[in-house]
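Q: I'm passing along structure.csv; it holds CSV, C-alpha atoms.
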chain,number,residue,atom,x,y,z
D,1,MET,CA,0.2,-1.5,2.0
D,2,ARG,CA,1.3,-3.5,-1.0
D,3,ILE,CA,2.7,-1.8,-4.1
D,4,LEU,CA,3.8,-3.2,-7.5
D,5,ILE,CA,6.8,-1.6,-9.3
D,6,ALA,CA,7.1,-2.3,-13.0
D,7,GLU,CA,10.3,-0.7,-14.3
D,8,ASP,CA,12.7,-2.3,-16.8
D,9,GLU,CA,15.7,-0.3,-15.8
D,10,LYS,CA,17.0,-2.7,-13.1
D,11,SER,CA,19.1,-0.3,-11.1
D,12,LEU,CA,16.2,2.1,-10.8
D,13,ASN,CA,13.8,-0.7,-10.0
D,14,ARG,CA,16.1,-1.8,-7.1
D,15,ILE,CA,16.4,1.7,-5.8
D,16,ILE,CA,12.6,2.4,-5.8
D,17,THR,CA,12.0,-1.0,-4.2
D,18,ARG,CA,14.5,-0.3,-1.5
D,19,GLN,CA,13.1,3.2,-0.8
D,20,LEU,CA,9.5,2.0,-0.6
D,21,SER,CA,10.5,-0.9,1.6
D,22,SER,CA,12.2,1.5,3.9
D,23,ALA,CA,9.0,3.5,4.1
D,24,ASN,CA,7.2,0.3,5.4
D,25,TYR,CA,5.5,-0.7,2.1
D,26,SER,CA,5.5,-4.3,0.9
D,27,VAL,CA,6.8,-4.3,-2.6
D,28,ASP,CA,6.7,-6.7,-5.6
D,29,SER,CA,8.8,-5.7,-8.5
D,30,CYS,CA,8.9,-6.8,-12.2
D,31,PHE,CA,10.7,-5.7,-15.3
D,32,ASP,CA,8.2,-5.9,-18.2
D,33,GLY,CA,4.6,-5.2,-18.9
D,34,GLU,CA,3.5,-8.8,-19.3
D,35,GLU,CA,4.8,-9.8,-15.9
D,36,ALA,CA,3.1,-6.7,-14.4
D,37,LEU,CA,-0.2,-7.8,-16.0
D,38,ASP,CA,0.1,-11.2,-14.4
D,39,CYS,CA,0.8,-9.7,-11.0
D,40,LEU,CA,-2.1,-7.3,-11.2
D,41,SER,CA,-4.4,-10.0,-12.4
D,42,PHE,CA,-3.7,-12.4,-9.6
D,43,ALA,CA,-2.9,-10.3,-6.6
D,44,GLU,CA,-4.4,-7.3,-4.9
D,45,TYR,CA,-2.3,-4.1,-4.7
D,46,ASP,CA,-2.9,-0.8,-3.0
D,47,ALA,CA,-1.0,1.0,-5.8
D,48,ALA,CA,1.0,0.3,-8.9
D,49,ILE,CA,4.0,2.4,-10.2
D,50,LEU,CA,4.5,1.7,-13.9
D,51,ASP,CA,7.0,2.8,-16.5
D,52,ILE,CA,5.6,3.5,-19.9
D,53,ASN,CA,8.4,2.2,-22.2
D,54,MET,CA,8.5,-1.4,-21.0
D,55,PRO,CA,9.3,-4.5,-23.0
D,56,LYS,CA,6.6,-7.0,-24.0
D,57,LEU,CA,3.8,-4.7,-23.1
D,58,ASP,CA,4.0,-0.9,-22.7
D,59,GLY,CA,2.5,0.9,-19.8
D,60,PHE,CA,-0.3,2.5,-21.7
D,61,SER,CA,-1.4,-0.9,-23.1
D,62,LEU,CA,-1.1,-2.4,-19.7
D,63,VAL,CA,-3.4,0.1,-18.0
D,64,LYS,CA,-6.0,-0.3,-20.8
D,65,LYS,CA,-6.0,-4.1,-20.2
D,66,ILE,CA,-6.3,-3.9,-16.4
D,67,ARG,CA,-9.1,-1.3,-16.6
D,68,ALA,CA,-10.9,-3.5,-19.1
D,69,LYS,CA,-10.7,-6.3,-16.6
D,70,GLY,CA,-12.2,-4.1,-13.9
D,71,ILE,CA,-8.9,-3.8,-11.9
D,72,ASN,CA,-9.1,-0.4,-10.3
D,73,VAL,CA,-5.8,-0.3,-8.5
D,74,PRO,CA,-4.4,3.3,-8.4
D,75,VAL,CA,-1.7,3.7,-11.0
D,76,LEU,CA,1.1,6.2,-11.2
D,77,PHE,CA,3.1,6.4,-14.4
D,78,LEU,CA,6.8,7.0,-13.7
D,79,THR,CA,8.5,7.8,-17.0
D,80,ALA,CA,10.9,10.0,-18.9
D,81,ARG,CA,8.1,10.8,-21.4
D,82,ASP,CA,7.3,14.4,-20.4
D,83,SER,CA,5.2,15.8,-23.3
D,84,ILE,CA,1.8,17.2,-22.5
D,85,GLU,CA,0.3,14.7,-25.0
D,86,ASP,CA,1.8,11.7,-23.1
D,87,ARG,CA,0.5,13.0,-19.8
D,88,VAL,CA,-3.0,13.6,-21.2
D,89,GLU,CA,-3.1,10.2,-22.8
D,90,GLY,CA,-1.8,8.5,-19.6
D,91,LEU,CA,-4.5,10.1,-17.5
D,92,ASP,CA,-7.2,9.6,-20.1
D,93,ILE,CA,-6.7,5.9,-20.3
D,94,GLY,CA,-7.1,5.4,-16.5
D,95,ALA,CA,-3.9,6.3,-14.7
D,96,ASP,CA,-4.3,8.3,-11.5
D,97,ASP,CA,-1.1,10.2,-11.6
D,98,TYR,CA,2.0,10.9,-13.7
D,99,LEU,CA,5.5,11.7,-12.5
D,100,VAL,CA,8.4,12.5,-14.8
D,101,LYS,CA,12.0,11.3,-14.3
D,102,PRO,CA,14.2,12.4,-12.7
D,103,PHE,CA,12.1,12.7,-9.6
D,104,SER,CA,12.2,13.3,-5.9
D,105,PHE,CA,11.6,10.2,-3.7
D,106,ASP,CA,9.8,12.4,-1.2
D,107,GLU,CA,7.4,13.6,-3.9
D,108,LEU,CA,6.9,10.0,-5.1
D,109,LEU,CA,6.1,8.9,-1.5
D,110,ALA,CA,3.7,11.8,-1.1
D,111,ARG,CA,1.9,11.0,-4.4
D,112,ILE,CA,1.5,7.4,-3.3
D,113,ARG,CA,0.0,8.5,0.0
D,114,VAL,CA,-2.5,10.7,-1.9
D,115,MET,CA,-3.5,7.8,-4.2
D,116,ILE,CA,-4.0,5.4,-1.3
D,117,ARG,CA,-6.0,8.0,0.6
D,118,ARG,CA,-8.1,8.7,-2.4
D,119,LYS,CA,-8.8,5.0,-3.0
D,120,ALA,CA,-9.9,4.7,0.7
D,121,ASP,CA,-11.9,8.0,0.5
D,122,VAL,CA,-9.6,9.4,3.2
D,123,ARG,CA,-9.1,13.2,3.1
D,124,THR,CA,-6.3,13.6,5.6
D,125,SER,CA,-2.8,12.0,6.3
D,126,ILE,CA,-3.7,11.5,9.9
D,127,LEU,CA,-6.0,8.5,10.6
D,128,THR,CA,-7.9,8.3,13.9
D,129,CYS,CA,-9.9,5.8,15.8
D,130,SER,CA,-11.1,7.0,19.2
D,131,ASP,CA,-7.9,8.4,20.9
D,132,LEU,CA,-5.6,6.4,18.6
D,133,SER,CA,-3.9,8.3,15.7
D,134,LEU,CA,-1.6,7.3,12.9
D,135,ASP,CA,0.2,9.8,10.7
D,136,LEU,CA,0.8,8.4,7.2
D,137,GLY,CA,3.5,11.0,6.5
D,138,SER,CA,5.6,10.9,9.7
D,139,HIS,CA,4.7,7.3,10.7
D,140,ARG,CA,4.0,8.6,14.2
D,141,VAL,CA,1.5,6.5,16.1
D,142,SER,CA,0.0,7.6,19.4
D,143,ARG,CA,-2.8,6.8,21.7
D,144,GLY,CA,-4.1,9.2,24.3
D,145,GLY,CA,-1.2,11.5,23.5
D,146,ARG,CA,1.4,8.8,24.2
D,147,ASP,CA,3.7,7.7,21.4
D,148,ILE,CA,3.7,4.1,20.5
D,149,ASP,CA,6.7,2.4,18.9
D,150,LEU,CA,5.7,-0.1,16.2
D,151,THR,CA,7.8,-2.3,14.0
D,152,ALA,CA,7.5,-1.9,10.2
D,153,LYS,CA,5.0,-4.8,9.9
D,154,GLU,CA,3.0,-3.7,12.9
D,155,PHE,CA,2.7,-0.2,11.4
D,156,GLU,CA,1.6,-1.7,8.1
D,157,LEU,CA,-1.0,-3.8,9.8
D,158,LEU,CA,-2.4,-0.9,11.8
D,159,ARG,CA,-2.4,1.3,8.7
D,160,CYS,CA,-4.3,-1.4,6.8
D,161,LEU,CA,-6.9,-1.7,9.6
D,162,MET,CA,-7.3,2.1,10.1
D,163,ILE,CA,-7.7,2.9,6.4
D,164,ASN,CA,-10.5,0.3,6.4
D,165,LYS,CA,-11.9,1.4,9.8
D,166,GLY,CA,-15.2,-0.2,10.5
D,167,ASN,CA,-14.8,-2.8,7.8
D,168,VAL,CA,-14.0,-6.4,8.6
D,169,LEU,CA,-10.9,-7.7,6.8
D,170,SER,CA,-10.3,-11.4,6.4
D,171,ARG,CA,-6.9,-12.9,7.2
D,172,GLU,CA,-6.3,-13.5,3.5
D,173,GLN,CA,-7.1,-9.8,2.7
D,174,ILE,CA,-4.7,-8.6,5.3
D,175,GLU,CA,-1.9,-11.0,4.2
D,176,ASN,CA,-2.4,-10.0,0.6
D,177,HIS,CA,-2.0,-6.3,1.5
D,178,ILE,CA,1.0,-6.6,3.8
D,179,TRP,CA,3.2,-9.4,2.6
D,180,ASN,CA,4.7,-9.7,-0.8
D,181,PHE,CA,5.2,-12.7,-3.1
D,182,ASP,CA,8.5,-13.6,-1.5
D,183,TYR,CA,7.0,-14.2,1.9
D,184,GLU,CA,7.5,-17.7,3.2
D,185,GLY,CA,6.2,-17.4,6.8
D,186,GLY,CA,3.6,-19.5,8.7
D,187,THR,CA,-0.1,-19.6,7.9
D,188,ASN,CA,-0.9,-17.9,11.2
D,189,VAL,CA,1.2,-14.8,10.6
D,190,VAL,CA,-1.7,-12.4,10.7
D,191,ASP,CA,-2.9,-13.8,14.0
D,192,VAL,CA,0.6,-13.4,15.4
D,193,TYR,CA,0.9,-9.8,14.3
D,194,ILE,CA,-2.6,-8.9,15.5
D,195,ARG,CA,-1.5,-10.2,18.9
D,196,TYR,CA,1.7,-8.1,18.8
D,197,LEU,CA,-0.4,-5.0,17.8
D,198,ARG,CA,-3.0,-5.5,20.5
D,199,LYS,CA,-0.3,-5.7,23.2
D,200,LYS,CA,0.9,-2.2,22.2
D,201,ILE,CA,-2.5,-0.6,21.2
D,202,ASP,CA,-5.1,-2.1,23.5
D,203,ASP,CA,-3.6,-3.9,26.5
D,204,ASP,CA,-3.0,-0.8,28.6
D,205,TYR,CA,-6.4,0.8,27.8
D,206,GLU,CA,-9.9,0.0,29.0
D,207,LYS,CA,-11.4,0.6,25.6
D,208,LYS,CA,-10.3,-2.1,23.1
D,209,LEU,CA,-10.2,-1.0,19.5
D,210,ILE,CA,-9.0,-4.1,17.6
D,211,ARG,CA,-11.8,-6.7,17.4
D,212,THR,CA,-12.0,-10.3,16.2
D,213,VAL,CA,-15.1,-11.1,14.2
D,214,ARG,CA,-15.4,-14.9,14.6
D,215,GLY,CA,-15.2,-16.7,11.2
D,216,ALA,CA,-14.6,-13.5,9.3
D,217,GLY,CA,-11.4,-11.7,10.4
D,218,TYR,CA,-10.5,-8.5,12.2
D,219,VAL,CA,-11.7,-4.9,12.4
D,220,ILE,CA,-10.7,-1.7,14.2
D,221,ARG,CA,-13.6,0.4,15.4
D,222,GLU,CA,-14.6,2.8,18.2
D,223,ASN,CA,-17.9,1.3,19.2
D,224,ASP,CA,-19.0,-2.2,20.2
Show me this structure written as structure tokens.

A:
Amino acid sequence: MRILIAEDEKSLNRIITRQLSSANYSVDSCFDGEEALDCLSFAEYDAAILDINMPKLDGFSLVKKIRAKGINVPVLFLTARDSIEDRVEGLDIGADDYLVKPFSFDELLARIRVMIRRKADVRTSILTCSDLSLDLGSHRVSRGGRDIDLTAKEFELLRCLMINKGNVLSREQIENHIWNFDYEGGTNVVDVYIRYLRKKIDDDYEKKLIRTVRGAGYVIREND
């Protein structure tokens, strides 16, 4: 899943980016509100973590602008402003959550998982498709009760497919959700990782879950 971090305190920005990357998220980071607005206007994110007191464009104004544009990315305000009035204003203008600094990274990760599940209308942290299961919290993947070891990108790809179970995702949609702006790989990267994932998820099982929809993209589903 792809997340945008907008935080003008560079050391904190780097720490959050590193922590989220270690949790298998693809992360784009920026340091002011105008740059964040550009990112949110031209790329698709699964969540955005925004400071309020940013230069050029503050977080409240940024959220008002993206909501006016119809950009419905889940937003979490991460800020030192802890008054009830600020919390109420942030939520009223369209944010989904509000976390006050200093904060626990475990809590931040949990709140991100909740926002992403809510966006996908998923009620549990354990995603399933037939006998395949993926735990968003522990990152444990198993099929038929047997654990499956995935690389970070393989896990992200499977998470993306399972959150959108039954929906066909184009190669462009998958790439936009899993790789950040810094990626400079080949144009067939999605096909390559689908092949890696199939080898681990499907090859040893009679029932195949990851399907190719010719001319459209890929989908994970239980039934033919």

Q: Quick one: residues within 10 Å of segment 11-24 of chain D, all atoms listed in the file, excluding same-chain residues fewer than 4 positions away - as a VMD selection string?

A: chain D and resid 1 to 7 28 to 31 49 105 to 106 108 to 109 137 to 139 151 to 156 178

Q: Near Glu89 of chain D, within 12 Å and counting only C-alpha atoms, which residues show up once chain neighbours fewer than 4 positions away are dropped, as a list in words?

A: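 Everything that qualifies: Ile52, Gly59, Phe60, Ser61, Val63, Lys64, Phe77, Arg81, Asp82, Ser83, Ile84, Glu85, Ile93, Gly94, Ala95, Asp96, Asp97 and Tyr98 of chain D.
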
Q: Atom CA of Leu169 of chain D and atom CA of Ala216 of chain D, how far apart in Å?

A: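 Taking atom CA of Ala216 of chain D as the start and atom CA of Leu169 of chain D as the end point, the length is 7.3 Å.
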
Q: Leaving out Ile201 of chain D and any residue of its chain fewer than 5 positions from it, which residues lie within 9 Å of it when counting only C-alpha atoms, given as JSON, numbers by chain?

A: {"D": [132, 142, 143, 148, 196, 208, 209, 210]}

Q: For Lys56 of chain D, which residue out of D:Asp86, D:Asp8, D:Glu222, D:Asp92 is the nearest one, using only C-alpha atoms?

A: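 Using only C-alpha atoms, the shortest distance to Lys56 of chain D belongs to D:Asp8.
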
Q: Would you list the contacts of Val73 of chain D as a list in words, taking every protein, DNA or RNA residue within 7 Å and counting only C-alpha atoms, but skipping same-chain residues closer than 6 positions in sequence?

A: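 My reading of the contact set: Tyr45, Asp46, Ala47 and Ala48 of chain D.
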
Q: Quote the spacing between atom CA of Leu150 of chain D and atom CA of Arg113 of chain D in Å to one decimal place.

A: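 Atom-to-atom, atom CA of Leu150 of chain D and atom CA of Arg113 of chain D are spaced 19.2 Å apart.
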
Q: Given the choices D:Asp51, D:Asp131, D:Glu34, D:Asp58, which gets closest to Val75 of chain D if the distance is worked out from only C-alpha atoms?

A: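 Closest to Val75 of chain D of all the choices is D:Asp51.
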
Q: In Å, how far is it from atom CA of Arg159 of chain D to atom CA of Arg140 of chain D?

A: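 Separating atom CA of Arg159 of chain D from atom CA of Arg140 of chain D is a distance of 11.2 Å.
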